[in-house]
file query-v4.csv (CSV, C-alpha atoms and all ligand atoms)
chain,number,residue,atom,x,y,z
A,1,MET,CA,315.0,8.6,115.1
A,2,THR,CA,314.1,5.0,115.9
A,3,HIS,CA,310.7,4.2,117.4
A,4,ASP,CA,309.7,1.2,119.4
A,5,VAL,CA,307.1,-1.0,117.5
A,6,PHE,CA,305.3,-3.7,119.5
A,7,PHE,CA,304.2,-6.8,117.7
A,8,SER,CA,301.7,-9.4,118.9
A,9,PRO,CA,301.7,-12.3,116.3
A,10,ALA,CA,298.4,-13.8,115.1
A,11,TRP,CA,299.7,-17.3,115.2
A,12,LEU,CA,299.3,-19.3,118.5
A,13,SER,CA,302.3,-20.6,120.5
A,14,LYS,CA,301.8,-23.8,122.5
A,15,ARG,CA,301.3,-21.7,125.6
A,16,ASP,CA,298.8,-19.3,123.9
A,17,ALA,CA,296.7,-22.3,122.9
A,18,SER,CA,296.8,-23.9,126.4
A,19,ASP,CA,296.0,-20.9,128.6
A,20,ARG,CA,293.9,-18.8,126.2
A,21,SER,CA,296.5,-16.0,126.2
A,22,GLY,CA,296.2,-16.3,122.5
A,23,SER,CA,292.7,-14.9,122.5
A,24,ILE,CA,292.4,-11.7,120.5
A,25,ILE,CA,291.4,-10.0,123.7
A,26,GLN,CA,294.5,-11.1,125.5
A,27,LYS,CA,296.7,-10.1,122.5
A,28,ILE,CA,295.4,-6.6,122.6
A,29,ARG,CA,295.7,-6.3,126.4
A,30,LYS,CA,299.3,-7.6,126.1
A,31,ILE,CA,300.4,-5.2,123.4
A,32,PHE,CA,298.9,-2.2,125.2
A,33,GLN,CA,300.6,-3.2,128.4
A,34,ASN,CA,304.0,-3.6,126.7
A,35,ALA,CA,303.7,-0.1,125.3
A,36,GLU,CA,302.8,1.2,128.8
A,37,PHE,CA,299.6,2.8,127.4
A,38,SER,CA,297.9,3.3,130.7
A,39,GLN,CA,300.7,5.7,131.8
A,40,LYS,CA,299.7,8.0,129.0
A,41,ILE,CA,296.2,8.4,130.2
A,42,SER,CA,295.1,10.6,133.1
A,43,LYS,CA,291.9,10.4,135.0
A,44,GLY,CA,289.1,12.0,133.0
A,45,ASP,CA,291.0,12.2,129.7
A,46,LEU,CA,288.9,12.2,126.6
A,47,VAL,CA,290.3,9.4,124.4
A,48,CYS,CA,289.2,9.1,120.8
A,49,ILE,CA,289.5,5.7,119.1
A,50,LYS,CA,289.7,6.8,115.5
A,51,THR,CA,288.9,4.1,113.0
A,52,ASN,CA,287.1,3.3,109.7
A,53,PHE,CA,283.6,2.0,110.3
A,54,GLY,CA,283.6,0.5,106.8
A,55,ASP,CA,281.0,0.1,104.2
A,56,PRO,CA,278.0,-2.2,104.8
A,57,GLY,CA,278.7,-5.4,102.9
A,58,ASN,CA,282.5,-5.4,103.5
A,59,THR,CA,283.2,-8.5,105.5
A,60,TYR,CA,286.8,-7.7,106.5
A,61,VAL,CA,286.3,-4.6,108.7
A,62,ILE,CA,287.8,-4.7,112.2
A,63,ARG,CA,285.6,-6.8,114.5
A,64,PRO,CA,283.7,-5.2,117.5
A,65,VAL,CA,285.7,-7.3,120.0
A,66,VAL,CA,288.9,-5.3,119.1
A,67,TYR,CA,287.2,-1.9,119.9
A,68,ARG,CA,285.5,-3.3,123.0
A,69,THR,CA,288.8,-4.5,124.4
A,70,ILE,CA,290.5,-1.2,123.8
A,71,ILE,CA,287.5,0.7,125.3
A,72,GLU,CA,287.9,-1.4,128.5
A,73,ILE,CA,291.6,-0.7,128.6
A,74,ILE,CA,291.0,3.0,128.3
A,75,ARG,CA,288.3,3.0,131.0
A,76,LYS,CA,290.6,1.0,133.3
A,77,ALA,CA,293.3,3.7,132.8
A,78,GLY,CA,290.8,6.4,133.9
A,79,GLY,CA,289.9,7.8,130.4
A,80,THR,CA,286.6,8.4,128.8
A,81,PRO,CA,286.6,6.5,125.4
A,82,PHE,CA,284.5,7.0,122.3
A,83,LEU,CA,284.7,5.5,118.8
A,84,ALA,CA,285.0,8.0,116.1
A,85,GLU,CA,285.0,8.5,112.3
A,86,THR,CA,284.6,11.2,109.7
A,87,THR,CA,282.1,11.2,106.8
A,88,GLY,CA,282.9,10.2,103.3
A,89,HIS,CA,283.2,12.5,100.3
A,90,GLY,CA,280.2,13.2,98.2
A,91,TYR,CA,276.5,12.2,98.7
A,92,MET,CA,276.0,8.8,97.1
A,93,ASN,CA,277.9,6.6,99.6
A,94,HIS,CA,277.0,5.1,102.9
A,95,LYS,CA,279.0,7.7,104.8
A,96,ARG,CA,277.6,10.8,103.3
A,97,SER,CA,276.3,12.3,106.5
A,98,ALA,CA,276.6,11.6,110.2
A,99,ALA,CA,273.1,10.0,110.2
A,100,HIS,CA,274.0,7.7,107.3
A,101,TYR,CA,277.3,6.7,108.7
A,102,ILE,CA,276.3,6.0,112.2
A,103,ASP,CA,273.5,3.8,110.7
A,104,SER,CA,276.0,2.1,108.4
A,105,ALA,CA,278.2,1.2,111.5
A,106,THR,CA,275.3,-0.9,112.9
A,107,TRP,CA,275.7,-3.3,110.0
A,108,HIS,CA,279.0,-4.2,111.5
A,109,GLY,CA,277.7,-4.5,115.0
A,110,LEU,CA,279.1,-1.2,116.1
A,111,THR,CA,276.6,0.4,118.4
A,112,ILE,CA,276.7,2.2,121.7
A,113,GLY,CA,275.1,-1.0,123.2
A,114,SER,CA,277.7,-3.4,121.9
A,115,LEU,CA,280.7,-1.2,122.5
A,116,ARG,CA,279.6,0.4,125.8
A,117,ALA,CA,280.9,3.7,124.4
A,118,PRO,CA,279.4,6.3,122.0
A,119,LEU,CA,280.0,6.5,118.3
A,120,ILE,CA,280.9,10.0,117.2
A,121,ILE,CA,281.2,11.7,113.8
A,122,LEU,CA,284.1,14.1,114.1
A,123,ASP,CA,283.5,16.4,111.2
A,124,GLY,CA,279.9,17.3,111.9
A,125,PHE,CA,276.6,16.3,110.3
A,126,TRP,CA,277.6,17.3,106.7
A,127,GLY,CA,281.3,16.5,107.1
A,128,VAL,CA,282.5,20.0,106.6
A,129,ASP,CA,283.1,21.1,110.2
A,130,GLY,CA,286.8,21.5,110.4
A,131,VAL,CA,289.6,23.7,111.7
A,132,GLU,CA,292.0,25.3,109.2
A,133,ILE,CA,295.5,24.3,110.1
A,134,GLU,CA,298.7,25.6,108.5
A,135,ILE,CA,301.2,22.9,107.6
A,136,PRO,CA,304.9,23.9,108.0
A,137,ASN,CA,307.4,22.2,105.8
A,138,HIS,CA,304.6,20.7,103.7
A,139,ASN,CA,304.9,18.5,100.6
A,140,VAL,CA,302.0,19.9,98.6
A,141,LEU,CA,299.4,21.4,100.9
A,142,LYS,CA,299.9,24.7,102.8
A,143,LYS,CA,296.8,24.2,105.0
A,144,ALA,CA,294.4,21.4,105.9
A,145,TRP,CA,290.9,21.1,107.3
A,146,VAL,CA,291.1,18.8,110.4
A,147,ALA,CA,287.8,17.5,111.8
A,148,ARG,CA,286.8,19.9,114.6
A,149,GLY,CA,285.8,17.0,116.9
A,150,LEU,CA,289.6,16.3,117.4
A,151,VAL,CA,290.2,19.7,119.0
A,152,GLY,CA,290.7,19.4,122.8
A,153,ILE,CA,291.0,15.6,122.7
A,154,ASP,CA,293.6,14.3,125.1
A,155,HIS,CA,294.7,11.2,123.4
A,156,VAL,CA,293.9,9.4,120.0
A,157,VAL,CA,294.2,5.7,119.6
A,158,SER,CA,294.3,5.2,115.8
A,159,VAL,CA,293.0,1.7,115.0
A,160,SER,CA,293.6,0.8,111.4
A,161,HIS,CA,292.9,-2.3,109.3
A,162,PHE,CA,296.1,-2.8,107.3
A,163,LYS,CA,295.2,-3.5,103.7
A,164,GLY,CA,295.7,-2.2,100.1
A,165,HIS,CA,294.1,1.1,99.0
A,166,SER,CA,292.4,-0.3,95.9
A,167,PRO,CA,291.9,-3.6,94.2
A,168,TYR,CA,291.8,-1.8,90.9
A,169,THR,CA,295.4,-0.5,91.2
A,170,ARG,CA,296.8,-4.0,91.6
A,171,GLY,CA,298.2,-3.8,95.1
A,172,GLN,CA,299.3,-0.2,94.8
A,173,SER,CA,299.7,1.6,98.1
A,174,ILE,CA,298.7,0.7,101.6
A,175,ALA,CA,295.8,2.0,103.8
A,176,ALA,CA,296.7,1.9,107.5
A,177,SER,CA,297.7,4.4,110.2
A,178,LEU,CA,298.9,7.1,107.9
A,179,LYS,CA,295.8,7.1,105.9
A,180,ASN,CA,293.6,6.8,109.0
A,181,LEU,CA,295.2,9.9,110.5
A,182,GLY,CA,295.6,11.9,107.2
A,183,ILE,CA,292.5,11.4,105.1
A,184,GLY,CA,290.5,9.8,107.9
A,185,CYS,CA,290.7,12.8,110.2
A,186,THR,CA,290.0,15.5,107.6
A,187,THR,CA,286.7,17.0,106.5
A,188,LYS,CA,285.2,16.4,103.1
A,189,THR,CA,287.2,19.4,101.9
A,190,GLY,CA,290.5,17.7,102.8
A,191,LYS,CA,289.3,14.5,101.2
A,192,TYR,CA,288.6,16.3,98.0
A,193,MET,CA,292.0,18.1,98.1
A,194,ALA,CA,293.8,14.8,98.6
A,195,HIS,CA,292.2,13.2,95.5
A,196,PHE,CA,291.3,16.0,93.1
A,197,ASP,CA,292.4,19.5,91.9
A,198,PRO,CA,290.0,22.4,92.8
A,199,PRO,CA,287.7,23.9,91.8
A,200,LEU,CA,284.7,21.8,91.0
A,201,ILE,CA,283.4,22.9,87.6
A,202,VAL,CA,280.0,22.7,85.9
A,203,ILE,CA,280.1,21.5,82.3
A,204,GLU,CA,277.5,23.8,80.8
A,205,GLU,CA,276.8,21.7,77.7
A,206,LYS,CA,275.7,18.8,80.0
A,207,CYS,CA,273.6,20.9,82.5
A,208,ASP,CA,269.9,21.1,81.9
A,209,GLY,CA,269.1,23.4,84.9
A,210,CYS,CA,267.2,20.7,86.8
A,211,LYS,CA,268.4,22.1,90.2
A,212,LYS,CA,268.9,18.6,91.8
A,213,CYS,CA,272.4,19.6,92.8
A,214,LEU,CA,271.2,22.4,95.1
A,215,SER,CA,269.3,20.2,97.6
A,216,LYS,CA,272.2,19.0,99.8
A,217,CYS,CA,274.7,21.9,99.6
A,218,PRO,CA,275.8,22.7,103.2
A,219,VAL,CA,276.6,26.3,102.1
A,220,PRO,CA,273.4,27.6,100.4
A,221,SER,CA,275.2,30.5,98.6
A,222,ALA,CA,277.8,28.1,97.0
A,223,ILE,CA,275.7,26.9,94.1
A,224,ASN,CA,272.7,28.3,92.2
A,225,VAL,CA,271.0,27.9,88.9
A,226,SER,CA,270.6,30.9,86.6
A,227,ASN,CA,269.7,31.1,83.0
A,228,GLY,CA,269.1,27.4,83.0
A,229,LYS,CA,272.7,26.5,84.1
A,230,ALA,CA,274.2,25.6,87.5
A,231,LYS,CA,277.0,27.8,88.8
A,232,ILE,CA,279.4,27.2,91.6
A,233,ASN,CA,280.8,30.1,93.6
A,234,LYS,CA,284.4,29.2,94.3
A,235,GLU,CA,284.6,31.6,97.1
A,236,PHE,CA,282.0,29.8,99.2
A,237,CYS,CA,282.2,26.2,97.9
A,238,LEU,CA,283.7,23.8,100.5
A,239,LEU,CA,284.3,21.1,97.9
A,240,CYS,CA,282.1,18.6,99.8
A,241,GLY,CA,281.1,16.9,96.5
A,242,ASN,CA,277.4,16.6,97.4
A,243,CYS,CA,276.3,18.5,94.2
A,244,LYS,CA,278.6,16.3,92.0
A,245,SER,CA,277.1,13.1,93.4
A,246,LEU,CA,273.5,14.3,93.0
A,247,CYS,CA,273.8,15.5,89.4
A,248,PRO,CA,272.0,12.9,87.2
A,249,LEU,CA,273.8,14.2,84.0
A,250,LYS,CA,277.3,14.1,85.5
A,251,ALA,CA,277.6,17.8,84.7
A,252,ILE,CA,279.8,18.6,87.7
A,253,GLU,CA,283.4,17.4,87.7
A,254,PRO,CA,286.7,18.1,89.5
A,255,SER,CA,289.3,20.1,87.5
A,256,GLY,CA,291.6,17.1,87.7
A,257,LYS,CA,292.4,13.8,89.5
A,258,HIS,CA,295.6,13.0,91.4
A,259,SER,CA,298.0,10.1,90.7
A,260,GLU,CA,298.5,7.6,93.4
A,261,GLU,CA,301.9,9.1,94.1
A,262,LEU,CA,300.5,12.6,94.5
A,263,LEU,CA,297.8,11.2,96.8
A,264,GLN,CA,300.5,9.9,99.0
A,265,LYS,CA,302.0,13.4,99.3
A,266,PHE,CA,298.6,14.7,100.4
A,267,ILE,CA,298.2,11.9,103.0
A,268,VAL,CA,301.6,12.9,104.5
A,269,ASP,CA,300.6,16.6,104.8
A,270,LEU,CA,297.1,15.9,106.1
A,271,THR,CA,298.6,13.5,108.7
A,272,LYS,CA,300.9,16.3,109.8
A,273,ALA,CA,297.9,18.6,110.3
A,274,THR,CA,296.1,16.0,112.4
A,275,LEU,CA,299.2,15.5,114.6
A,276,LYS,CA,299.5,19.3,115.1
A,277,VAL,CA,295.9,19.5,116.4
A,278,VAL,CA,296.1,16.8,119.0
A,279,GLY,CA,299.9,16.9,119.7
A,280,LYS,CA,302.3,14.4,118.2
A,281,GLU,CA,303.0,12.8,121.6
A,282,ASN,CA,299.3,12.0,122.2
A,283,PHE,CA,298.9,9.2,119.7
A,284,THR,CA,298.9,5.5,119.9
A,285,CYS,CA,298.7,3.7,116.5
A,286,LEU,CA,297.5,0.1,116.3
A,287,ASN,CA,297.5,-1.7,113.0
A,288,SER,CA,295.3,-4.8,112.7
A,289,ALA,CA,297.1,-7.0,110.1
A,290,TYR,CA,294.3,-9.5,109.9
A,291,ASP,CA,292.3,-10.2,106.8
A,292,ILE,CA,294.8,-8.5,104.5
A,293,VAL,CA,293.0,-7.7,101.3
A,294,THR,CA,293.9,-5.4,98.4
A,295,GLY,CA,290.9,-3.1,98.7
A,296,CYS,CA,289.9,-0.5,101.2
A,297,ASP,CA,287.1,-1.0,103.8
A,298,CYS,CA,285.2,2.0,102.3
A,299,ARG,CA,284.0,-0.3,99.6
A,300,SER,CA,281.0,-2.6,100.1
A,301,ILE,CA,282.8,-5.4,98.3
A,302,ASN,CA,286.0,-7.3,98.9
A,303,SER,CA,288.0,-10.1,97.5
A,304,VAL,CA,289.9,-12.7,99.7
A,305,PRO,CA,293.0,-12.0,101.8
A,306,ILE,CA,296.3,-12.4,99.9
A,307,VAL,CA,298.4,-13.3,103.0
A,308,PRO,CA,297.6,-15.2,106.2
A,309,ASN,CA,296.9,-13.1,109.3
A,310,VAL,CA,300.0,-11.4,110.7
A,311,GLY,CA,298.9,-9.9,114.0
A,312,PHE,CA,298.7,-6.6,115.8
A,313,ILE,CA,301.4,-3.9,115.5
A,314,LEU,CA,301.5,-0.9,117.8
A,315,SER,CA,303.6,2.3,117.9
A,316,LYS,CA,303.2,5.9,119.0
A,317,ASP,CA,304.5,6.8,115.6
A,318,PRO,CA,302.3,6.2,112.5
A,319,VAL,CA,305.2,6.1,110.1
A,320,ALA,CA,307.0,3.4,112.2
A,321,ALA,CA,303.7,1.5,112.6
A,322,ASP,CA,303.0,1.4,108.9
A,323,ARG,CA,306.6,0.6,107.9
A,324,ALA,CA,306.9,-2.2,110.4
A,325,THR,CA,303.6,-3.7,109.4
A,326,LEU,CA,304.4,-3.6,105.7
A,327,ASP,CA,307.8,-5.3,106.4
A,328,LEU,CA,306.1,-8.1,108.4
A,329,VAL,CA,303.4,-8.5,105.7
A,330,ASN,CA,306.1,-8.6,102.9
A,331,GLU,CA,308.1,-11.3,104.8
A,332,THR,CA,305.0,-13.5,104.9
A,333,SER,CA,304.1,-16.0,102.2
A,334,GLY,CA,301.3,-15.0,99.9
A,335,ILE,CA,298.3,-17.3,99.6
A,336,PRO,CA,298.3,-19.4,96.4
A,337,GLY,CA,295.1,-19.1,94.4
A,338,THR,CA,294.5,-15.5,95.4
A,339,GLU,CA,295.4,-12.1,93.9
A,340,ALA,CA,298.9,-12.8,95.4
A,341,GLU,CA,299.5,-14.9,92.3
A,342,GLN,CA,298.6,-12.1,89.9
A,343,LEU,CA,300.7,-9.6,91.9
A,344,VAL,CA,303.6,-12.1,91.8
A,345,CYS,CA,304.2,-12.0,95.5
A,346,VAL,CA,303.5,-15.5,96.8
A,347,ALA,CA,307.0,-16.1,98.0
A,348,PRO,CA,308.1,-14.7,101.4
A,349,GLY,CA,310.0,-11.5,100.9
A,350,GLU,CA,308.2,-10.5,97.7
A,351,GLU,CA,306.5,-7.1,97.9
A,352,LYS,CA,302.8,-7.6,98.6
A,353,PHE,CA,301.9,-3.9,98.3
A,354,LYS,CA,303.7,-1.1,96.5
A,355,THR,CA,304.1,2.0,98.6
A,356,SER,CA,305.9,3.8,95.8
A,357,ARG,CA,307.4,6.8,97.6
A,358,LEU,CA,305.2,7.1,100.7
A,359,PHE,CA,307.9,6.7,103.3
A,360,GLU,CA,310.3,9.0,101.4
A,361,PHE,CA,307.6,11.7,101.4
A,362,CYS,CA,307.0,11.2,105.2
A,363,GLU,CA,310.7,11.8,105.8
A,364,ALA,CA,310.9,14.8,103.5
A,365,ALA,CA,308.0,16.4,105.3
A,366,GLY,CA,309.6,15.7,108.8
A,367,LEU,CA,306.6,13.5,109.7
A,368,GLY,CA,308.6,10.6,111.0
A,369,SER,CA,311.1,7.9,110.2
A,370,GLY,CA,310.6,4.5,108.9
A,371,GLU,CA,313.4,3.2,111.2
A,372,TYR,CA,312.0,1.2,114.1
A,373,LYS,CA,312.9,-1.4,116.7
A,374,LEU,CA,310.5,-4.4,116.6
A,375,ILE,CA,309.6,-5.7,120.1
A,376,LYS,CA,307.6,-8.9,120.4
A,377,ALA,CA,304.9,-8.3,123.0
A,378,VAL,CA,305.3,-10.7,125.9
A,379,PRO,CA,302.7,-11.4,128.7
A,380,LYS,CA,303.3,-9.0,131.6
A,381,GLU,CA,300.5,-8.8,134.1
A,382,THR,CA,297.9,-10.0,131.6
A,383,PRO,CA,295.1,-11.4,133.9
A,384,PRO,CA,293.5,-14.6,132.9
A,385,LEU,CA,290.8,-14.3,130.3
A,386,ARG,CA,287.8,-13.1,132.3
A,387,LEU,CA,285.2,-10.8,130.8
A,401,LIG,S1,278.7,23.8,95.7
A,401,LIG,FE1,280.5,23.2,96.9
A,401,LIG,S2,279.8,23.2,99.0
A,401,LIG,FE2,278.0,23.1,97.7
A,401,LIG,S3,277.4,21.0,97.4
A,401,LIG,FE3,278.8,21.5,95.8
A,401,LIG,S4,280.8,21.0,96.5
A,401,LIG,FE4,279.5,21.1,98.3
A,402,LIG,S1,271.9,18.6,88.9
A,402,LIG,FE1,273.3,18.7,87.1
A,402,LIG,S2,272.0,19.0,85.4
A,402,LIG,FE2,270.8,19.6,87.2
A,402,LIG,S3,271.2,21.8,87.5
A,402,LIG,FE3,272.7,20.7,88.7
A,402,LIG,S4,274.5,20.5,87.4
A,402,LIG,FE4,272.8,21.0,86.1

call {"tool": "encode", "arguments": {"input": "query-v4.csv", "output": "structure tokens", "more": "lines below"}}
Ligand code: SF4
Ligand code: SF4
result
Amino acid sequence: MTHDVFFSPAWLSKRDASDRSGSIIQKIRKIFQNAEFSQKISKGDLVCIKTNFGDPGNTYVIRPVVYRTIIEIIRKAGGTPFLAETTGHGYMNHKRSAAHYIDSATWHGLTIGSLRAPLIILDGFWGVDGVEIEIPNHNVLKKAWVARGLVGIDHVVSVSHFKGHSPYTRGQSIAASLKNLGIGCTTKTGKYMAHFDPPLIVIEEKCDGCKKCLSKCPVPSAINVSNGKAKINKEFCLLCGNCKSLCPLKAIEPSGKHSEELLQKFIVDLTKATLKVVGKENFTCLNSAYDIVTGCDCRSINSVPIVPNVGFILSKDPVAADRATLDLVNETSGIPGTEAEQLVCVAPGEEKFKTSRLFEFCEAAGLGSGEYKLIKAVPKETPPLRL
């Protein structure tokens, strides 16, 4: 099946420059108008803008102006918008609880005051509040744990910064709509399952019985210390990783770590579970192909972009959105003097990110198709730039 993909380029035409229709606000209004977004929203609908708030210190996260514009589009269509995220796995990062992550978002200017909409953590205070969802025709995961905050939501606007997954894997894999809806909409349990083999195990020779791992377990019966050694009860453990993060002796470890390719299979299955909860027809996926770096926004560090800004890409289908964005990025020249040189992708057409078999896995699981029709967004009734 071929899906429409709308594209609003980052570069300015003569007209864009002269009448300010090239403003980022107008670009977003234009692309939502072309996709007839407002017709999908009914009066009073709850509309979740799912994104990645990013780690404090990362300078390439999506700017507040993007969210604020979308929030105003949703309100104008009659919906009730809110900006949403899920916690991060473990307990040593800036997204370890709802309190930590909402506070982290303020470093990027994301507050209820600046956005005029609330910020919500979808998977509860400790990141383990999810609904168990069976995944038919799965790749690797029979069931997933989708953040409970998505239950009953009328429409999800997924807003994803298109970039690489990790600077350490040399441009391997992309992080955009599929990752936002898969890993980004699951609880800490799902995030663990995507990256590691269960269960978490205690390495007894390393454990000195200090009990530091007990203090932030969201399920008190899941871990205890007896005879001077920690023990995890597999039956109750939610794999949140808090105990692992807190152990000073690194005595708690996953049973195994997944390859990048296996991670992609998990992303596909988790995305299917998210679509099942909200309804496949109730998604709008916007990729922001600006500041295209090799590392994910969940790191507090970043290098420099490897290609110039490409623009905004929108589709109701996350597979088509990611495929089209990747193709547009690959067609663009890499920036000399950046990692694009080490990745040997400076020339237009050279592969900027390796997706290995991501799209093949999407099709195998019936998630969607990488076939799309690219439609350049044109001004419709975009009003003059007035705020
Ligand atoms: S025992 Fe399980 S549930 Fe408890 S902190 Fe560790 S990983 Fe989380
Ligand atoms: S924190 Fe580590 S060393 Fe201390 S009891 Fe727990 S597992 Fe053992």

call {"tool": "residues_near_ligand", "arguments": {"input": "query-v4.csv", "ligand": "ligand LIG 401 (chain A)", "cutoff": "7 Å", "atoms": "all atoms listed in the file", "output": "number ranges by chain"}}
result
A: 200, 213-214, 216-220, 222-223, 232-233, 236-244

call {"tool": "residues_near_ligand", "arguments": {"input": "query-v4.csv", "ligand": "ligand LIG 402 (chain A)", "cutoff": "9 Å", "atoms": "only C-alpha atoms and all ligand atoms", "output": "PyMOL selection string"}}
result
chain A and resi 202-204+206-214+223-225+228-231+243-252

call {"tool": "write_last_selection", "arguments": {"input": "query-v4.csv", "atoms": "C-alpha atoms", "output": "JSON list (two decimals), keeping the file's coordinate frame"}}
result
[["chain", "number", "residue", "atom", "x", "y", "z"],
["A", 202, "VAL", "CA", 280.00, 22.70, 85.90],
["A", 203, "ILE", "CA", 280.10, 21.50, 82.30],
["A", 204, "GLU", "CA", 277.50, 23.80, 80.80],
["A", 206, "LYS", "CA", 275.70, 18.80, 80.00],
["A", 207, "CYS", "CA", 273.60, 20.90, 82.50],
["A", 208, "ASP", "CA", 269.90, 21.10, 81.90],
["A", 209, "GLY", "CA", 269.10, 23.40, 84.90],
["A", 210, "CYS", "CA", 267.20, 20.70, 86.80],
["A", 211, "LYS", "CA", 268.40, 22.10, 90.20],
["A", 212, "LYS", "CA", 268.90, 18.60, 91.80],
["A", 213, "CYS", "CA", 272.40, 19.60, 92.80],
["A", 214, "LEU", "CA", 271.20, 22.40, 95.10],
["A", 223, "ILE", "CA", 275.70, 26.90, 94.10],
["A", 224, "ASN", "CA", 272.70, 28.30, 92.20],
["A", 225, "VAL", "CA", 271.00, 27.90, 88.90],
["A", 228, "GLY", "CA", 269.10, 27.40, 83.00],
["A", 229, "LYS", "CA", 272.70, 26.50, 84.10],
["A", 230, "ALA", "CA", 274.20, 25.60, 87.50],
["A", 231, "LYS", "CA", 277.00, 27.80, 88.80],
["A", 243, "CYS", "CA", 276.30, 18.50, 94.20],
["A", 244, "LYS", "CA", 278.60, 16.30, 92.00],
["A", 245, "SER", "CA", 277.10, 13.10, 93.40],
["A", 246, "LEU", "CA", 273.50, 14.30, 93.00],
["A", 247, "CYS", "CA", 273.80, 15.50, 89.40],
["A", 248, "PRO", "CA", 272.00, 12.90, 87.20],
["A", 249, "LEU", "CA", 273.80, 14.20, 84.00],
["A", 250, "LYS", "CA", 277.30, 14.10, 85.50],
["A", 251, "ALA", "CA", 277.60, 17.80, 84.70],
["A", 252, "ILE", "CA", 279.80, 18.60, 87.70]]

call {"tool": "atom_distance", "arguments": {"input": "query-v4.csv", "atom1": "CA of His258 (chain A)", "atom2": "CA of Trp145 (chain A)"}}
result
18.5 Å

call {"tool": "atom_distance", "arguments": {"input": "query-v4.csv", "atom1": "CA of Gly78 (chain A)", "atom2": "CA of Gly44 (chain A)"}}
result
5.9 Å

call {"tool": "closest_residue", "arguments": {"input": "query-v4.csv", "among": "A:Asp4, A:Asp327, A:Asp123, A:Glu363", "to": "His89 (chain A)", "atoms": "all atoms listed in the file"}}
result
A:Asp123

call {"tool": "closest_residue", "arguments": {"input": "query-v4.csv", "among": "A:Val131, A:Leu367, A:Gly149, A:Ala289", "to": "Trp11 (chain A)", "atoms": "only C-alpha atoms"}}
result
A:Ala289

call {"tool": "atom_distance", "arguments": {"input": "query-v4.csv", "atom1": "CA of Phe359 (chain A)", "atom2": "CA of Lys191 (chain A)"}}
result
20.3 Å

call {"tool": "residues_around", "arguments": {"input": "query-v4.csv", "residues": "Tyr101 (chain A)", "least_positions_apart": "4", "cutoff": "12 Å", "atoms": "all atoms listed in the file", "output": "PyMOL selection string"}}
result
chain A and resi 52-56+84-89+91-97+105-108+110-111+119-127+298

call {"tool": "decode", "arguments": {"input": "query-v4.csv", "residues": "region 148-182 of chain A", "atoms": "C-alpha atoms", "output": "PDB file, in the first residue's frame"}}
result
ATOM      1  CA  ARG A 148      -1.214   3.430  30.186  1.00  0.00           C
ATOM      2  CA  GLY A 149      -1.526   7.164  29.502  1.00  0.00           C
ATOM      3  CA  LEU A 150      -2.194   6.339  25.830  1.00  0.00           C
ATOM      4  CA  VAL A 151      -5.354   4.391  26.606  1.00  0.00           C
ATOM      5  CA  GLY A 152      -8.420   6.396  25.574  1.00  0.00           C
ATOM      6  CA  ILE A 153      -6.438   9.008  23.627  1.00  0.00           C
ATOM      7  CA  ASP A 154      -8.299  10.103  20.478  1.00  0.00           C
ATOM      8  CA  HIS A 155      -5.319  11.070  18.336  1.00  0.00           C
ATOM      9  CA  VAL A 156      -1.521  10.957  18.619  1.00  0.00           C
ATOM     10  CA  VAL A 157       0.740  13.410  16.820  1.00  0.00           C
ATOM     11  CA  SER A 158       4.168  11.781  16.914  1.00  0.00           C
ATOM     12  CA  VAL A 159       6.831  14.489  16.639  1.00  0.00           C
ATOM     13  CA  SER A 160      10.280  12.991  16.088  1.00  0.00           C
ATOM     14  CA  HIS A 161      13.710  14.464  15.568  1.00  0.00           C
ATOM     15  CA  PHE A 162      15.206  12.479  12.678  1.00  0.00           C
ATOM     16  CA  LYS A 163      18.754  11.437  13.588  1.00  0.00           C
ATOM     17  CA  GLY A 164      20.994   8.426  14.167  1.00  0.00           C
ATOM     18  CA  HIS A 165      20.544   6.053  17.071  1.00  0.00           C
ATOM     19  CA  SER A 166      24.082   6.236  18.384  1.00  0.00           C
ATOM     20  CA  PRO A 167      27.312   8.010  17.494  1.00  0.00           C
ATOM     21  CA  TYR A 168      29.214   4.961  18.762  1.00  0.00           C
ATOM     22  CA  THR A 169      27.803   2.641  16.110  1.00  0.00           C
ATOM     23  CA  ARG A 170      28.973   4.825  13.238  1.00  0.00           C
ATOM     24  CA  GLY A 171      25.706   5.926  11.712  1.00  0.00           C
ATOM     25  CA  GLN A 172      23.960   2.641  12.317  1.00  0.00           C
ATOM     26  CA  SER A 173      20.203   2.806  12.420  1.00  0.00           C
ATOM     27  CA  ILE A 174      17.839   5.758  12.570  1.00  0.00           C
ATOM     28  CA  ALA A 175      15.795   7.191  15.412  1.00  0.00           C
ATOM     29  CA  ALA A 176      12.565   8.810  14.192  1.00  0.00           C
ATOM     30  CA  SER A 177       8.819   7.975  14.093  1.00  0.00           C
ATOM     31  CA  LEU A 178       9.172   4.204  14.480  1.00  0.00           C
ATOM     32  CA  LYS A 179      11.433   4.539  17.498  1.00  0.00           C
ATOM     33  CA  ASN A 180       9.242   7.242  19.020  1.00  0.00           C
ATOM     34  CA  LEU A 181       6.127   5.069  18.763  1.00  0.00           C
ATOM     35  CA  GLY A 182       7.845   1.793  19.612  1.00  0.00           C
TER      36      GLY A 182
END
